[in-house]
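For reference, the structure discussed in these notes is given below.
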Amino acid sequence: MTKPHYFGTDGIRGRFGDPIMCPQFAFRMGSALGTYLRSTRKDKSHFVVVGRDTRASGRPLCEALISGLNQFDVYVHDADVVPTPAVAGSVLQERADLGIAVTASHNPSSDNGIKIFDHLGHKLSEREELTIESLIDSTSAEVGDMPESKSYGLDASSFYINYLRSFLDQHSLREWRVVLDLANGATYETTPAVFRRWGAELFVIGNQPDGENINAGYGSEYPDQLARKVVENDAMIGIAHDGDGDRLVVCDEKGSIVDGDILLGLFGSYAARSGVLKSGALVATIHSNLGLDKAVKDAGGRVERVDVGDRNVARRMRELGANIGGESSGHIIFSDFATTGDGLLAAVKIIELILKTGRPLSELRKEVELFPQMTLNLKVSEKLPLEKLKQVEASIREIESDFGEEGRVLVRYSGTEPKIRLLVEGADASKVETALQAIEHAVRKDLDVIDS
């Protein structure tokens, strides 16, 4: 099937002002979505929930999107600045036809993006994206003066805050000191409001958005600052969000960042032992460490792997009937409670484990031991089909035979750059290093590698 050319692994993203991330494009997108709703959800009036992060470019993009939707009599609820998972949740709460989050996630403020959720709060399939792209392309590129947008306010933040508060008892964290890094993004009000309800003493950074400082030295991309604040304030835990709040980075009470695969391993293994890991499977991506598989297997469950992207994780979860899945980057989905990744919900779930076990995170994390892993990216002049790389295939077979279940090899091309990406993982670090060297040698025989 043809791949989308506007949509990437998580919506559309680009530098604000570029042809695919400007008000004119947003208007065409809104018009395309209006046409799409008329053809797919017939014989009813339509309405859409729109929210955004704190980027200055978010408001003109939202207004253009809404104006495009208005041309097709779509009723729009404008949630203003809210986390992306609040947009997805509002789709269900309001029984909307679509949810649109205007955000570029962890990217700098110069970028922006558009994420779309269907009427079930799920991200769109590639087939749906291709349909929408064709509708965008059939809309005139010369938009001219856009009509003034018309929308109705929606307090999605209050619903989201009240929902997340319900997971823990009031004042249940009154003995806790917690550091929050909010990336100057969409969670700057919602996450502190939830933790205040639980009585935690908060130390908050990255909560002064000005439209230009989202992700600038704060948030999930800058965990060192989070770790330092945890130690300085003798906190029990540190939590950092990305710009739109759909993922998290966690720091234990000793100031050490906890790998996303360790978090997944803890969630999966405790759920498996408690008999609440539905279908017996945790869904992860091909990037996740083999130590995750071992931890979940030892607890009586298994790991199912999919291609990169939380959309792929969520789809496989629905196919299996699984209720926990995610990516090592901190996109974690608890489908019993949400349809998409939610950094605050994931934080709640790790805090629940700490409360339930009575053990600090620095001890809990030791239950999941990650395998040594080495990676290498090589620039190539041409991306020949992987099945034609005979030396590489032979090398992979030999390494996998030697490793057995104690290691793995992953070779793939970058989706955006002329690079081949190599990953080797195994229980023995020296064998991993030797295997990576062997794979690199094979790649250099099969491909023209461009050394800098």
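Identifiers for the structure tokens are assigned positionally: chains receive A, B, ... in sequence, residues are indexed from 1 per chain, and ligands are indexed from 1 in the order shown.
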Quick one: everything within 10 Å of Val231 of chain A, counting only C-alpha atoms, minus sequence neighbours fewer than 4 positions away in the same chain. Send it as a list in words.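 Counting only C-alpha atoms, the residues come to Val179, Leu226, Ala227, Ala235, Met236, Ile237, Gly238, Cys251, Asp252, Glu253, Lys254, Gly255 and Ser256 of chain A.
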Report the residues of segment 185-311 of chain A whose backbone DSSP state falls under strand (DSSP E or B), written as a ChimeraX atom specification. /A:201-205,237-241,248-251,257-258,281-285,302-306
As a PyMOL selection string, please: the residues near segment 128-134 of chain A (cut-off 9 Å, only C-alpha atoms, same-chain neighbours under 4 positions excluded). chain A and resi 2-7+11+29+32-33+35-36+124+138-139
Tell me which of A:Ala64, A:Ser39, A:Glu440, A:Gly8 sits closest to Cys22 of chain A, counting only C-alpha atoms.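 Of all the options, A:Ala64 lies closest to Cys22 of chain A.
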Spatial neighbours of Asp451 of chain A, 9 Å, only C-alpha atoms, chain gap at least 2 places, as a PyMOL selection string: chain A and resi 378-380+449
Selected residue, from A:Gly265, A:Gly343, A:Pro147, A:Gly99, that lies nearest to Leu182 of chain A when counting only C-alpha atoms: A:Gly343
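Residues in contact with His77 of chain A at up to 7 Å, not including ones fewer than 6 positions away on its chain and judged by only C-alpha atoms, are Val48, Val49, Val50, Ser151, Tyr152, Gly153 and Leu154 of chain A.
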Let's see if you can do this: from backbone DSSP, list all alpha helix (DSSP H) residues in segment 130-212 of chain A, as a PyMOL selection string. chain A and resi 130-137+156-165+190-197
Please report the interatomic distance between atom CA of Val443 of chain A and atom CA of Leu422 of chain A in Å with one decimal.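 Result for atom CA of Val443 of chain A versus atom CA of Leu422 of chain A: 9.5 Å, one decimal.
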So, with only C-alpha atoms as the atoms that count, which of A:Val409, A:Asp118, A:Ala346, A:Trp176 lies closest to Pro360 of chain A?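 Closest candidate: A:Trp176.
In this structure, atom CA of Tyr222 of chain A sits 23.4 Å away from atom CA of Thr340 of chain A.
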Given only C-alpha atoms as the counted atoms, nearest of A:Arg397, A:Arg174, A:Lys297, A:Lys390 to Ala442 of chain A: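 Closest candidate: A:Lys390.
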Leaving out segment 187-203 of chain A and any residue of its chain fewer than 5 positions from it, which residues lie within 6 Å of it when counting only C-alpha atoms, given as a list in words? Pro83, Ile161, Arg165, Gln170, His171, Ser172, Leu173, Arg174, Trp176, Arg177, Val178, Val179, Leu182 and Gly245 of chain A
What does the structure give for the distance between atom CA of Glu126 of chain A and atom CA of Thr9 of chain A, in Å to one decimal?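 Atom CA of Thr9 of chain A lies 9.4 Å from atom CA of Glu126 of chain A.
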Taking into account only C-alpha atoms, which residue in the set A:Ile66, A:Ala438, A:Ala86, A:Leu264 is nearest to Ser329 of chain A? A:Leu264
I'd like to know which of A:Arg365, A:His441, A:Arg247, A:Arg15 is closest to Ala394 of chain A, using only C-alpha atoms.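 Ranking A:Arg365, A:His441, A:Arg247, A:Arg15 by distance to Ala394 of chain A, first place goes to A:His441.
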